[in-house]
file start-v2.tsv (TSV, C-alpha atoms)
chain	number	residue	atom	x	y	z
A	1	MET	CA	111.21	84.94	103.16
A	2	ARG	CA	108.02	85.93	101.38
A	3	LEU	CA	106.88	89.51	101.37
A	4	ALA	CA	103.36	90.71	102.00
A	5	LEU	CA	101.67	92.66	99.22
A	6	SER	CA	101.29	95.99	100.99
A	7	SER	CA	103.36	98.49	99.04
A	8	LEU	CA	102.07	101.47	97.12
A	9	ASP	CA	104.49	100.44	94.38
A	10	LEU	CA	101.95	97.89	93.16
A	11	SER	CA	99.19	100.46	92.73
A	12	HIS	CA	101.61	102.77	90.89
A	13	ALA	CA	102.61	100.01	88.48
A	14	CYS	CA	99.02	98.96	87.95
A	15	LEU	CA	98.07	102.60	87.32
A	16	CYS	CA	100.62	102.69	84.50
A	17	ILE	CA	98.88	99.70	82.93
A	18	GLY	CA	95.53	101.44	83.34
A	19	LEU	CA	96.78	104.59	81.64
A	20	MET	CA	98.02	102.53	78.71
A	21	LEU	CA	94.61	100.89	78.42
A	22	LEU	CA	93.05	104.35	78.21
A	23	GLY	CA	95.74	105.81	76.02
A	24	ASP	CA	95.22	104.49	72.50
A	25	GLY	CA	92.11	102.35	72.96
A	26	GLY	CA	94.07	99.35	71.70
A	27	VAL	CA	93.90	96.68	74.39
A	28	SER	CA	95.54	94.13	72.12
A	29	SER	CA	98.63	96.26	71.65
A	30	VAL	CA	98.90	96.76	75.41
A	31	LEU	CA	98.69	93.06	76.00
A	32	ALA	CA	101.31	92.47	73.36
A	33	LEU	CA	103.85	95.09	74.41
A	34	GLY	CA	103.07	97.52	77.21
A	35	ALA	CA	101.69	95.15	79.83
A	36	SER	CA	104.40	92.61	79.04
A	37	ILE	CA	107.18	95.13	79.65
A	38	ILE	CA	105.71	96.51	82.88
A	39	CYS	CA	104.82	93.09	84.28
A	40	SER	CA	108.28	91.73	83.54
A	41	ARG	CA	109.83	94.58	85.53
A	42	MET	CA	107.63	94.19	88.61
A	43	PRO	CA	109.89	92.72	91.31
A	44	GLY	CA	108.59	89.98	93.55
A	45	LEU	CA	106.00	88.41	91.23
A	46	SER	CA	105.92	84.63	90.96
A	47	PRO	CA	105.87	83.18	87.41
A	48	ARG	CA	102.13	82.54	87.67
A	49	GLN	CA	101.48	86.08	88.86
A	50	ARG	CA	103.60	87.51	86.07
A	51	ALA	CA	101.55	85.55	83.53
A	52	PHE	CA	98.36	86.78	85.19
A	53	CYS	CA	99.61	90.38	85.00
A	54	GLN	CA	100.40	90.10	81.29
A	55	THR	CA	97.05	88.64	80.33
A	56	ARG	CA	94.82	90.62	82.70
A	57	PRO	CA	96.05	94.25	82.79
A	58	ASP	CA	92.52	95.49	83.55
A	59	ALA	CA	92.37	93.28	86.64
A	60	MET	CA	95.83	94.45	87.72
A	61	VAL	CA	94.52	98.00	87.97
A	62	ALA	CA	91.84	96.85	90.41
A	63	ILE	CA	94.39	94.72	92.29
A	64	GLY	CA	96.60	97.78	92.71
A	65	ILE	CA	93.67	99.77	94.11
A	66	GLY	CA	92.91	96.93	96.52
A	67	ALA	CA	96.53	96.81	97.71
A	68	HIS	CA	96.47	100.56	98.36
A	69	MET	CA	93.17	100.27	100.25
A	70	SER	CA	94.50	97.49	102.45
A	71	THR	CA	97.64	99.46	103.34
A	72	GLU	CA	95.63	102.53	104.35
A	73	GLU	CA	93.15	100.46	106.37
A	74	CYS	CA	95.93	98.61	108.17
A	75	GLN	CA	97.55	101.92	109.11
A	76	PHE	CA	94.21	103.22	110.39
A	77	GLN	CA	93.44	100.15	112.50
A	78	PHE	CA	96.89	100.13	114.13
A	79	GLN	CA	97.61	103.86	114.24
A	80	HIS	CA	97.76	103.86	118.06
A	81	SER	CA	99.59	100.55	118.48
A	82	ARG	CA	103.29	99.84	118.89
A	83	TRP	CA	103.12	98.19	115.48
A	84	ASN	CA	101.50	100.64	113.07
A	85	CYS	CA	101.89	98.64	109.83
A	86	THR	CA	105.49	99.58	109.22
A	87	ALA	CA	108.43	97.27	108.70
A	88	LEU	CA	112.07	97.22	107.68
A	89	GLY	CA	113.66	95.65	104.65
A	90	GLU	CA	114.32	96.16	100.98
A	91	ARG	CA	111.42	97.82	99.18
A	92	THR	CA	109.93	95.65	96.46
A	93	LEU	CA	106.63	95.41	94.67
A	94	PHE	CA	105.34	93.36	97.58
A	95	GLY	CA	106.39	95.91	100.17
A	96	GLN	CA	108.32	95.52	103.37
A	97	GLU	CA	107.04	92.93	105.79
A	98	LEU	CA	107.54	91.65	109.29
A	99	LYS	CA	110.02	88.81	109.23
A	100	VAL	CA	108.16	86.67	111.75
A	101	GLY	CA	105.01	84.58	111.47
A	102	SER	CA	103.23	86.76	114.01
A	103	LYS	CA	99.67	88.02	114.40
A	104	GLU	CA	100.70	91.22	112.66
A	105	THR	CA	101.89	89.36	109.56
A	106	ALA	CA	98.69	87.31	109.65
A	107	PHE	CA	96.57	90.48	109.70
A	108	SER	CA	98.47	92.02	106.79
A	109	TYR	CA	97.79	88.98	104.59
A	110	ALA	CA	94.10	88.85	105.52
A	111	ILE	CA	93.45	92.56	104.96
A	112	LEU	CA	95.29	92.45	101.63
A	113	SER	CA	93.25	89.49	100.42
A	114	ALA	CA	90.04	91.23	101.46
A	115	GLY	CA	91.15	94.49	99.83
A	116	ILE	CA	91.89	92.91	96.46
A	117	ALA	CA	88.61	90.94	96.46
A	118	TYR	CA	86.75	94.14	97.42
A	119	ALA	CA	88.36	96.29	94.71
A	120	VAL	CA	87.84	93.70	91.97
A	121	THR	CA	84.20	93.27	93.01
A	122	SER	CA	83.70	97.03	92.90
A	123	ALA	CA	85.37	97.24	89.47
A	124	CYS	CA	82.95	94.60	88.17
A	125	SER	CA	79.96	96.65	89.34
A	126	TYR	CA	81.26	99.75	87.55
A	127	GLY	CA	81.92	97.83	84.33
A	128	ASN	CA	85.68	98.36	84.52
A	129	LEU	CA	86.60	94.72	83.88
A	130	THR	CA	86.13	92.94	80.58
A	131	ASP	CA	84.78	89.63	81.88
A	132	CYS	CA	82.38	90.55	84.68
A	133	GLY	CA	79.59	92.91	85.60
A	134	CYS	CA	76.62	92.67	87.94
A	135	ASP	CA	75.75	89.29	89.46
A	136	HIS	CA	73.22	88.01	86.94
A	137	SER	CA	72.35	85.00	89.11
A	138	LYS	CA	70.30	87.36	91.29
A	139	ARG	CA	67.15	87.28	89.20
A	140	GLY	CA	63.47	86.57	89.66
A	141	HIS	CA	61.30	86.47	92.76
A	142	PHE	CA	62.55	85.61	96.23
A	143	HIS	CA	60.53	84.24	99.13
A	144	ASP	CA	60.96	81.93	102.08
A	145	GLU	CA	60.78	78.40	100.69
A	146	GLU	CA	58.98	77.22	103.85
A	147	GLU	CA	56.05	79.56	103.21
A	148	GLU	CA	53.14	78.46	101.09
A	149	VAL	CA	52.87	81.13	98.43
A	150	GLU	CA	49.68	81.03	96.38
A	151	GLU	CA	50.60	83.94	94.16
A	152	GLU	CA	54.23	84.82	93.62
A	153	GLU	CA	53.53	88.54	93.73
A	154	GLU	CA	51.98	88.50	97.22
A	155	ARG	CA	55.03	87.66	99.33
A	156	GLY	CA	58.75	88.26	99.33
A	157	TRP	CA	60.47	90.56	96.87
A	158	ARG	CA	62.13	90.62	93.48
A	159	TRP	CA	65.79	90.89	92.63
A	160	GLY	CA	66.56	94.17	90.90
A	161	GLY	CA	69.32	96.73	90.44
A	162	CYS	CA	72.95	95.64	90.19
A	163	SER	CA	74.00	93.04	92.74
A	164	VAL	CA	77.77	93.02	93.22
A	165	ASN	CA	79.62	90.04	91.78
A	166	ALA	CA	81.58	89.15	94.91
A	167	GLU	CA	82.18	85.62	93.65
A	168	HIS	CA	84.30	86.98	90.79
A	169	GLY	CA	86.24	89.31	93.10
A	170	ILE	CA	86.97	86.47	95.50
A	171	HIS	CA	88.03	84.22	92.61
A	172	LEU	CA	90.53	86.73	91.21
A	173	SER	CA	91.91	87.50	94.67
A	174	ARG	CA	92.50	83.79	95.21
A	175	GLU	CA	93.99	83.29	91.74
A	176	PHE	CA	96.46	86.16	92.09
A	177	LEU	CA	97.49	86.09	95.76
A	178	ASP	CA	97.58	82.35	96.35
A	179	ALA	CA	99.76	81.89	93.27
A	180	ARG	CA	102.82	82.84	95.33
A	181	GLU	CA	102.31	80.14	97.94
A	182	VAL	CA	103.91	77.30	95.99
A	183	LYS	CA	106.51	75.68	98.22
A	184	ARG	CA	104.82	73.70	100.99
A	185	SER	CA	105.76	75.06	104.42
A	186	ALA	CA	104.18	76.14	107.69
A	187	TRP	CA	104.49	79.75	106.51
A	188	THR	CA	102.67	78.91	103.26
A	189	LEU	CA	99.83	77.16	105.11
A	190	MET	CA	99.48	80.16	107.43
A	191	ASN	CA	99.34	82.60	104.52
A	192	LEU	CA	96.80	80.56	102.57
A	193	HIS	CA	94.55	80.25	105.63
A	194	ASN	CA	94.66	83.99	106.34
A	195	ASN	CA	94.19	84.87	102.68
A	196	GLU	CA	91.02	82.80	102.67
A	197	LEU	CA	89.82	84.39	105.92
A	198	GLY	CA	90.07	87.86	104.38
A	199	ARG	CA	87.91	86.73	101.45
A	200	LYS	CA	85.38	85.02	103.74
A	201	MET	CA	84.99	88.23	105.72
A	202	LEU	CA	84.03	90.07	102.54
A	203	GLU	CA	81.45	87.40	101.76
A	204	THR	CA	80.07	87.57	105.31
A	205	PHE	CA	79.62	91.35	105.28
A	206	LEU	CA	77.80	91.65	101.95
A	207	ARG	CA	74.45	93.30	102.64
A	208	LEU	CA	71.03	93.40	101.09
A	209	GLU	CA	69.55	96.76	100.10
A	210	CYS	CA	65.92	97.15	99.06
A	211	LYS	CA	63.66	99.80	97.60
A	212	CYS	CA	59.88	99.94	97.90
A	213	HIS	CA	57.64	100.83	94.96
A	214	GLY	CA	54.02	101.83	95.20
A	215	VAL	CA	51.50	104.65	95.41
A	216	SER	CA	52.05	107.22	98.20
A	217	GLY	CA	55.05	105.47	99.62
A	218	SER	CA	53.36	102.08	99.95
A	219	CYS	CA	55.41	98.93	99.49
A	220	THR	CA	53.24	96.95	97.12
A	221	MET	CA	56.38	95.84	95.33
A	222	LYS	CA	59.96	95.68	96.64
A	223	THR	CA	63.18	95.15	94.71
A	224	CYS	CA	66.46	94.23	96.39
A	225	TRP	CA	70.10	93.85	95.46
A	226	VAL	CA	73.40	92.89	97.14
A	227	THR	CA	75.92	95.66	97.90
A	228	LEU	CA	79.41	95.90	99.34
A	229	PRO	CA	79.92	97.05	102.93
A	230	SER	CA	82.28	99.90	103.68
A	231	PHE	CA	85.87	98.70	103.71
A	232	ARG	CA	86.18	100.17	107.21
A	233	GLU	CA	83.69	97.52	108.38
A	234	LEU	CA	85.94	94.78	107.03
A	235	GLY	CA	89.02	96.36	108.58
A	236	SER	CA	87.37	96.60	111.99
A	237	ALA	CA	86.13	93.01	111.80
A	238	LEU	CA	89.61	91.75	110.91
A	239	LYS	CA	91.07	93.80	113.77
A	240	GLU	CA	88.75	91.84	116.08
A	241	LYS	CA	90.04	88.63	114.50
A	242	TYR	CA	93.57	89.85	115.21
A	243	GLN	CA	92.71	90.29	118.89
A	244	THR	CA	91.43	86.72	119.13
A	245	ALA	CA	93.98	85.11	116.78
A	246	VAL	CA	95.12	81.57	117.58
A	247	MET	CA	98.62	80.11	117.52
A	248	VAL	CA	99.06	77.08	115.29
A	249	GLU	CA	101.76	74.67	114.18
A	250	ALA	CA	102.18	72.58	111.06
A	251	VAL	CA	101.63	68.82	111.07
A	252	LEU	CA	103.99	66.83	108.84
A	253	GLY	CA	102.78	64.13	106.49
A	254	ARG	CA	103.95	60.59	107.21
A	255	ARG	CA	105.56	59.88	103.85
A	256	GLN	CA	106.74	63.13	102.32
A	257	LEU	CA	107.58	64.76	105.68
A	258	GLN	CA	106.10	68.01	104.42
A	259	PRO	CA	103.57	70.16	106.26
A	260	THR	CA	100.07	69.01	105.34
A	261	PHE	CA	97.79	70.99	107.64
A	262	LEU	CA	97.73	73.34	110.62
A	263	ARG	CA	96.60	72.46	114.12
A	264	LEU	CA	96.13	74.53	117.26
A	265	LYS	CA	99.31	74.68	119.28
A	266	LEU	CA	98.06	72.85	122.35
A	267	PRO	CA	99.75	70.25	124.60
A	268	HIS	CA	97.54	67.46	123.25
A	269	GLY	CA	95.22	66.86	120.34
A	270	TYR	CA	95.07	67.59	116.63
A	271	GLN	CA	92.31	70.17	116.56
A	272	LYS	CA	92.42	72.30	113.43
A	273	PRO	CA	91.76	76.05	113.57
A	274	ALA	CA	88.33	77.21	112.48
A	275	GLU	CA	87.96	78.79	109.06
A	276	THR	CA	86.98	82.00	110.84
A	277	ASP	CA	90.21	82.13	112.92
A	278	LEU	CA	93.17	84.35	112.13
A	279	VAL	CA	96.20	82.10	112.65
A	280	TYR	CA	99.86	82.75	113.42
A	281	LEU	CA	102.96	80.65	114.02
A	282	GLU	CA	105.02	82.55	116.58
A	283	ALA	CA	104.69	85.18	119.26
A	284	SER	CA	104.90	88.84	118.29
A	285	PRO	CA	108.00	90.86	119.10
A	286	SER	CA	107.49	93.79	121.46
A	287	PHE	CA	108.02	96.34	118.65
A	288	CYS	CA	109.54	98.65	121.27
A	289	GLU	CA	112.95	98.89	119.63
A	290	ALA	CA	114.07	98.93	116.01
A	291	ASP	CA	115.17	95.43	115.05
A	292	ILE	CA	116.12	94.40	111.53
A	293	ALA	CA	115.86	90.72	112.48
A	294	THR	CA	112.12	91.01	113.19
A	295	GLY	CA	111.28	93.92	110.91
A	296	SER	CA	110.39	96.22	113.80
A	297	THR	CA	110.87	99.98	113.42
A	298	GLY	CA	110.48	100.68	117.14
A	299	THR	CA	108.42	103.41	118.80
A	300	GLN	CA	111.03	106.12	119.34
A	301	GLY	CA	109.68	109.51	118.21
A	302	ARG	CA	106.05	108.33	118.07
A	303	LEU	CA	103.36	110.69	119.37
A	304	CYS	CA	101.68	109.37	122.52
A	305	ASN	CA	98.77	110.34	124.76
A	306	ARG	CA	99.85	111.16	128.30
A	307	THR	CA	96.37	110.73	129.81
A	308	SER	CA	95.20	107.67	127.88
A	309	LEU	CA	94.73	104.24	129.45
A	310	HIS	CA	94.86	102.44	126.12
A	311	GLU	CA	97.49	101.38	123.55
A	312	ASP	CA	98.31	104.98	122.65
A	313	SER	CA	99.27	105.89	126.22
A	314	CYS	CA	102.80	107.13	126.78
A	315	ASP	CA	103.36	104.33	129.32
A	316	SER	CA	102.47	101.63	126.79
A	317	LEU	CA	103.73	103.13	123.56
A	318	CYS	CA	107.05	104.31	124.96
A	319	CYS	CA	107.81	100.94	126.59
A	320	GLY	CA	109.00	102.50	129.84
A	321	ARG	CA	111.62	104.74	128.18
A	322	GLY	CA	109.76	107.92	129.08
A	323	TYR	CA	108.59	110.69	126.81
A	324	SER	CA	109.45	114.25	125.85
A	325	THR	CA	107.07	117.21	125.91
A	326	PHE	CA	107.09	119.99	123.35
A	327	GLN	CA	104.89	123.01	122.77
A	328	TYR	CA	103.56	124.20	119.45
A	329	THR	CA	100.99	126.61	118.08
A	330	ARG	CA	97.99	125.28	116.22
A	331	SER	CA	96.28	127.63	113.74
A	332	TRP	CA	93.00	127.37	111.85
A	333	GLN	CA	90.47	129.54	110.03
A	334	CYS	CA	87.61	130.77	112.22
A	335	HIS	CA	84.76	133.31	112.47
A	336	CYS	CA	84.06	132.95	108.77
A	337	LYS	CA	81.42	135.23	107.24
A	338	PHE	CA	79.67	135.12	103.92
A	339	HIS	CA	79.40	138.47	102.09
A	340	TRP	CA	76.78	139.11	99.44
A	341	CYS	CA	77.82	138.50	96.74
A	342	CYS	CA	79.91	136.34	96.74
A	343	HIS	CA	82.91	135.76	98.94
A	344	VAL	CA	83.85	134.53	102.40
A	345	THR	CA	86.20	136.19	104.85
A	346	CYS	CA	87.74	134.41	107.83
A	347	SER	CA	89.91	135.27	110.78
A	348	THR	CA	92.86	133.16	111.89
A	349	CYS	CA	92.58	131.60	115.31
A	350	SER	CA	95.44	129.91	117.12
A	351	GLU	CA	96.20	128.26	120.42
A	352	SER	CA	99.28	126.99	122.17
A	353	THR	CA	99.19	123.29	122.97
A	354	HIS	CA	101.44	120.46	124.09
A	355	ALA	CA	102.38	117.14	122.49
A	356	TYR	CA	104.37	114.17	123.72
A	357	THR	CA	106.80	111.89	121.88
A	358	CYS	CA	108.45	108.66	123.00
A	359	ASN	CA	112.11	108.78	123.96
call {"tool": "encode", "arguments": {"input": "start-v2.tsv", "output": "C-alpha cells"}}
result
Amino acid sequence: MRLALSSLDLSHACLCIGLMLLGDGGVSSVLALGASIICSRMPGLSPRQRAFCQTRPDAMVAIGIGAHMSTEECQFQFQHSRWNCTALGERTLFGQELKVGSKETAFSYAILSAGIAYAVTSACSYGNLTDCGCDHSKRGHFHDEEEEVEEEEERGWRWGGCSVNAEHGIHLSREFLDAREVKRSAWTLMNLHNNELGRKMLETFLRLECKCHGVSGSCTMKTCWVTLPSFRELGSALKEKYQTAVMVEAVLGRRQLQPTFLRLKLPHGYQKPAETDLVYLEASPSFCEADIATGSTGTQGRLCNRTSLHEDSCDSLCCGRGYSTFQYTRSWQCHCKFHWCCHVTCSTCSESTHAYTCN
C-alpha cells in the first residue's frame, strides 16, 4: 500500500540537504557525496524520486517545506473532525496514511500536491532555485484584444514586478509526486487525479496585483504582476472539494485487463469525473474507534464542544460514547502597564473553566 507524503521527516531530511548547500558553498561536492548519501537513506522513495533527490537537492528543500505546509494545513482544516489528519502505521519518509481509498486519503494527496507546487513556486520567486526565477513570459503591455487600441499607452496596463513562476512549481510537483504512481491500478489512477487537482487549484487561485503610477495618486500608468494566494485559501478550497467529492471506480481495458480510466460509480453509464472533482474509491470509515486495518486512531480523549451543533460537538465527536468533564485553571498576563523608561509590568489573571473529552 502506498503512503501519502505527509510526514515531517521529509522536511527534516530536505533541511539537511539545504544546510549542506549552505555549508561549504560547493554544490558540486554536495551532489557528488552529501545529497547522494541522504537521498539513498530516505525510506519510501521510488527509484525515479531517488534520482530526482540526488540531482536536485535545492528543489528537495522546497519540497520538504511544501510537505510540512500541507501537513499543517490538513490538521487545521480537520481539527474539529473525527479524522484530524492522523493515521496509524509504520513511520516512513512518506508518513503514516489511511489504508483505504477514502475521501480523507484523496484530500491528503491533493493538499500535498498543492503544497509542493506552492513551495517550489515561492522558492523560484525568492531566487532559491538554480533553474527558475520570476515568470519572464509576463512582459510588455496588456489590453483586451477585442478593444481597438490606437495608442498602446492609453489602455490596459504593463507587466511589471516579479510574477510568480507557477508553471515551474506545478511541473516539479508533478515530476516528483507522480513518479511514485508506476504500477497501473485503481489506487494509482485516484492518486494521479487528486495530485493534478491540487495543482489545478493553485493555478486557479493565482491573483493579479497592480500598482498605479502618476502625479498626486493618479493612475496614468499601471503595472501588474501575478502573486500566490495564501495557502489557507487553497486549503479551504480543497476542503470544499472534499465535501463534494465523488465516488469513482476503475474501468478495465479490453486487452490488457488493466485499469485505464476512472468513471463515476453510478448504476449506468461511463461518465468520467470532472478535472475539478476530488475522487475516492471507497466509503470512509467512521473514525470513531482505533482500527489498524483502516488507519483510524479513534476519537477517545479528544476535546469536544458540549454546546456545538457542528462536527466538534460532543455528540458527534464522541460517537455516542459520552464524554467526561474536567475543571482547570487558565492563567494569562493582564493589566499591563508601560513605565517610562523602559519596562512593562503585568499582573496575572486566572479563571476556572471546564473542558470536555470523549470517553
call {"tool": "residues_around", "arguments": {"input": "start-v2.tsv", "residues": "A:Leu202", "least_positions_apart": "2", "cutoff": "8 Å", "atoms": "only C-alpha atoms", "output": "PyMOL selection string"}}
result
chain A and resi 114+117-118+198-200+204-206+234
call {"tool": "closest_residue", "arguments": {"input": "start-v2.tsv", "among": "A:Lys265, A:Arg41, A:Arg82, A:Lys272", "to": "A:Glu311", "atoms": "all atoms listed in the file"}}
result
A:Arg82
call {"tool": "residues_around", "arguments": {"input": "start-v2.tsv", "residues": "A:Cys334", "least_positions_apart": "5", "cutoff": "12 Å", "atoms": "only C-alpha atoms", "output": "JSON, numbers by chain"}}
result
{"A": [344, 345, 346, 347, 348, 349, 350]}
call {"tool": "write_last_selection", "arguments": {"input": "start-v2.tsv", "atoms": "C-alpha atoms", "output": "mmCIF file, in the coordinates of the input"}}
result
data_model
loop_
_atom_site.group_PDB
_atom_site.id
_atom_site.type_symbol
_atom_site.label_atom_id
_atom_site.label_comp_id
_atom_site.auth_asym_id
_atom_site.auth_seq_id
_atom_site.Cartn_x
_atom_site.Cartn_y
_atom_site.Cartn_z
ATOM 1 C CA VAL A 344 83.850 134.530 102.400
ATOM 2 C CA THR A 345 86.200 136.190 104.850
ATOM 3 C CA CYS A 346 87.740 134.410 107.830
ATOM 4 C CA SER A 347 89.910 135.270 110.780
ATOM 5 C CA THR A 348 92.860 133.160 111.890
ATOM 6 C CA CYS A 349 92.580 131.600 115.310
ATOM 7 C CA SER A 350 95.440 129.910 117.120
#
call {"tool": "atom_distance", "arguments": {"input": "start-v2.tsv", "atom1": "atom CA of A:Glu73", "atom2": "atom CA of A:His193"}}
result
20.3 Å
call {"tool": "closest_residue", "arguments": {"input": "start-v2.tsv", "among": "A:Ala355, A:Tyr109, A:Cys85, A:Gly127", "to": "A:Asp58", "atoms": "only C-alpha atoms"}}
result
A:Gly127
call {"tool": "atom_distance", "arguments": {"input": "start-v2.tsv", "atom1": "atom CA of A:Ser36", "atom2": "atom CA of A:Cys53"}}
result
8.0 Å
call {"tool": "closest_residue", "arguments": {"input": "start-v2.tsv", "among": "A:Ala166, A:Ala106, A:Cys314, A:Val279", "to": "A:Gly133", "atoms": "all atoms listed in the file"}}
result
A:Ala166
call {"tool": "closest_residue", "arguments": {"input": "start-v2.tsv", "among": "A:Gln75, A:Asn84, A:Thr55, A:Ser218", "to": "A:Phe287", "atoms": "all atoms listed in the file"}}
result
A:Asn84
call {"tool": "atom_distance", "arguments": {"input": "start-v2.tsv", "atom1": "atom CA of A:Gly66", "atom2": "atom CA of A:Ser113"}}
result
8.4 Å
call {"tool": "residues_around", "arguments": {"input": "start-v2.tsv", "residues": "A:His168", "least_positions_apart": "4", "cutoff": "10 Å", "atoms": "only C-alpha atoms", "output": "list of chain:residue names"}}
result
A:Ala117, A:Val120, A:Thr121, A:Cys124, A:Asp131, A:Cys132, A:Gly133, A:Cys134, A:Asp135, A:Val164, A:Leu172, A:Ser173, A:Arg174
call {"tool": "closest_residue", "arguments": {"input": "start-v2.tsv", "among": "A:Thr297, A:Ile170, A:Asn195, A:His268", "to": "A:Thr86", "atoms": "only C-alpha atoms"}}
result
A:Thr297
call {"tool": "closest_residue", "arguments": {"input": "start-v2.tsv", "among": "A:Arg139, A:His310, A:Met190, A:Thr353", "to": "A:Ser331", "atoms": "all atoms listed in the file"}}
result
A:Thr353
call {"tool": "axis_aligned_box", "arguments": {"input": "start-v2.tsv", "around": "stretch 180-197 of chain A", "padding_each_side": "5 Å", "output": "JSON"}}
result
{"center_x": 98.2, "center_y": 79.3, "center_z": 101.5, "size_x": 26.7, "size_y": 21.2, "size_z": 22.4}
call {"tool": "residues_around", "arguments": {"input": "start-v2.tsv", "residues": "A:Met69", "least_positions_apart": "5", "cutoff": "10 Å", "atoms": "all atoms listed in the file", "output": "PyMOL selection string"}}
result
chain A and resi 6+8+11+63-64+74+111-112+114-116+118-119+231-232
call {"tool": "residues_around", "arguments": {"input": "start-v2.tsv", "residues": "A:Lys211", "least_positions_apart": "4", "cutoff": "10 Å", "atoms": "all atoms listed in the file", "output": "tab-separated table (two decimals) with C-alpha atoms, keeping the file's coordinate frame"}}
result
chain	number	residue	atom	x	y	z
A	157	TRP	CA	60.47	90.56	96.87
A	160	GLY	CA	66.56	94.17	90.90
A	161	GLY	CA	69.32	96.73	90.44
A	219	CYS	CA	55.41	98.93	99.49
A	221	MET	CA	56.38	95.84	95.33
A	222	LYS	CA	59.96	95.68	96.64
A	223	THR	CA	63.18	95.15	94.71
A	224	CYS	CA	66.46	94.23	96.39
A	225	TRP	CA	70.10	93.85	95.46
call {"tool": "build_atoms", "arguments": {"input": "start-v2.tsv", "residues": "stretch 245-251 of chain A", "atoms": "all heavy atoms", "output": "compact mmCIF listing (two decimals), in the frame of the given file"}}
result
# COMPACT_ATOMS: atom_id res chain seq x y z
N ALA A 245 93.23 86.04 117.64
CA ALA A 245 93.98 85.11 116.78
C ALA A 245 94.50 83.92 117.59
O ALA A 245 94.74 84.02 118.80
CB ALA A 245 95.13 85.83 116.10
N VAL A 246 94.67 82.79 116.91
CA VAL A 246 95.12 81.57 117.58
C VAL A 246 96.47 81.12 117.03
O VAL A 246 96.75 81.25 115.83
CB VAL A 246 94.08 80.43 117.41
CG1 VAL A 246 92.77 80.80 118.07
CG2 VAL A 246 93.84 80.10 115.94
N MET A 247 97.31 80.62 117.93
CA MET A 247 98.62 80.11 117.52
C MET A 247 98.47 78.68 117.01
O MET A 247 97.76 77.87 117.59
CB MET A 247 99.62 80.15 118.68
CG MET A 247 101.01 79.67 118.30
SD MET A 247 102.22 79.80 119.65
CE MET A 247 102.61 81.55 119.56
N VAL A 248 99.14 78.40 115.90
CA VAL A 248 99.06 77.08 115.29
C VAL A 248 100.46 76.55 115.00
O VAL A 248 101.45 77.26 115.11
CB VAL A 248 98.25 77.13 113.96
CG1 VAL A 248 96.81 77.52 114.23
CG2 VAL A 248 98.90 78.11 112.97
N GLU A 249 100.51 75.30 114.63
CA GLU A 249 101.76 74.67 114.18
C GLU A 249 101.42 73.72 113.04
O GLU A 249 100.28 73.27 112.90
CB GLU A 249 102.44 73.93 115.32
CG GLU A 249 101.61 72.82 115.92
CD GLU A 249 102.28 72.19 117.13
OE1 GLU A 249 103.44 72.55 117.41
OE2 GLU A 249 101.66 71.33 117.78
N ALA A 250 102.40 73.44 112.21
CA ALA A 250 102.18 72.58 111.06
C ALA A 250 102.36 71.11 111.45
O ALA A 250 103.22 70.78 112.27
CB ALA A 250 103.15 72.94 109.94
N VAL A 251 101.53 70.27 110.86
CA VAL A 251 101.63 68.82 111.07
C VAL A 251 102.23 68.22 109.80
O VAL A 251 101.75 68.46 108.69
CB VAL A 251 100.26 68.20 111.35
CG1 VAL A 251 100.36 66.69 111.47
CG2 VAL A 251 99.66 68.80 112.62
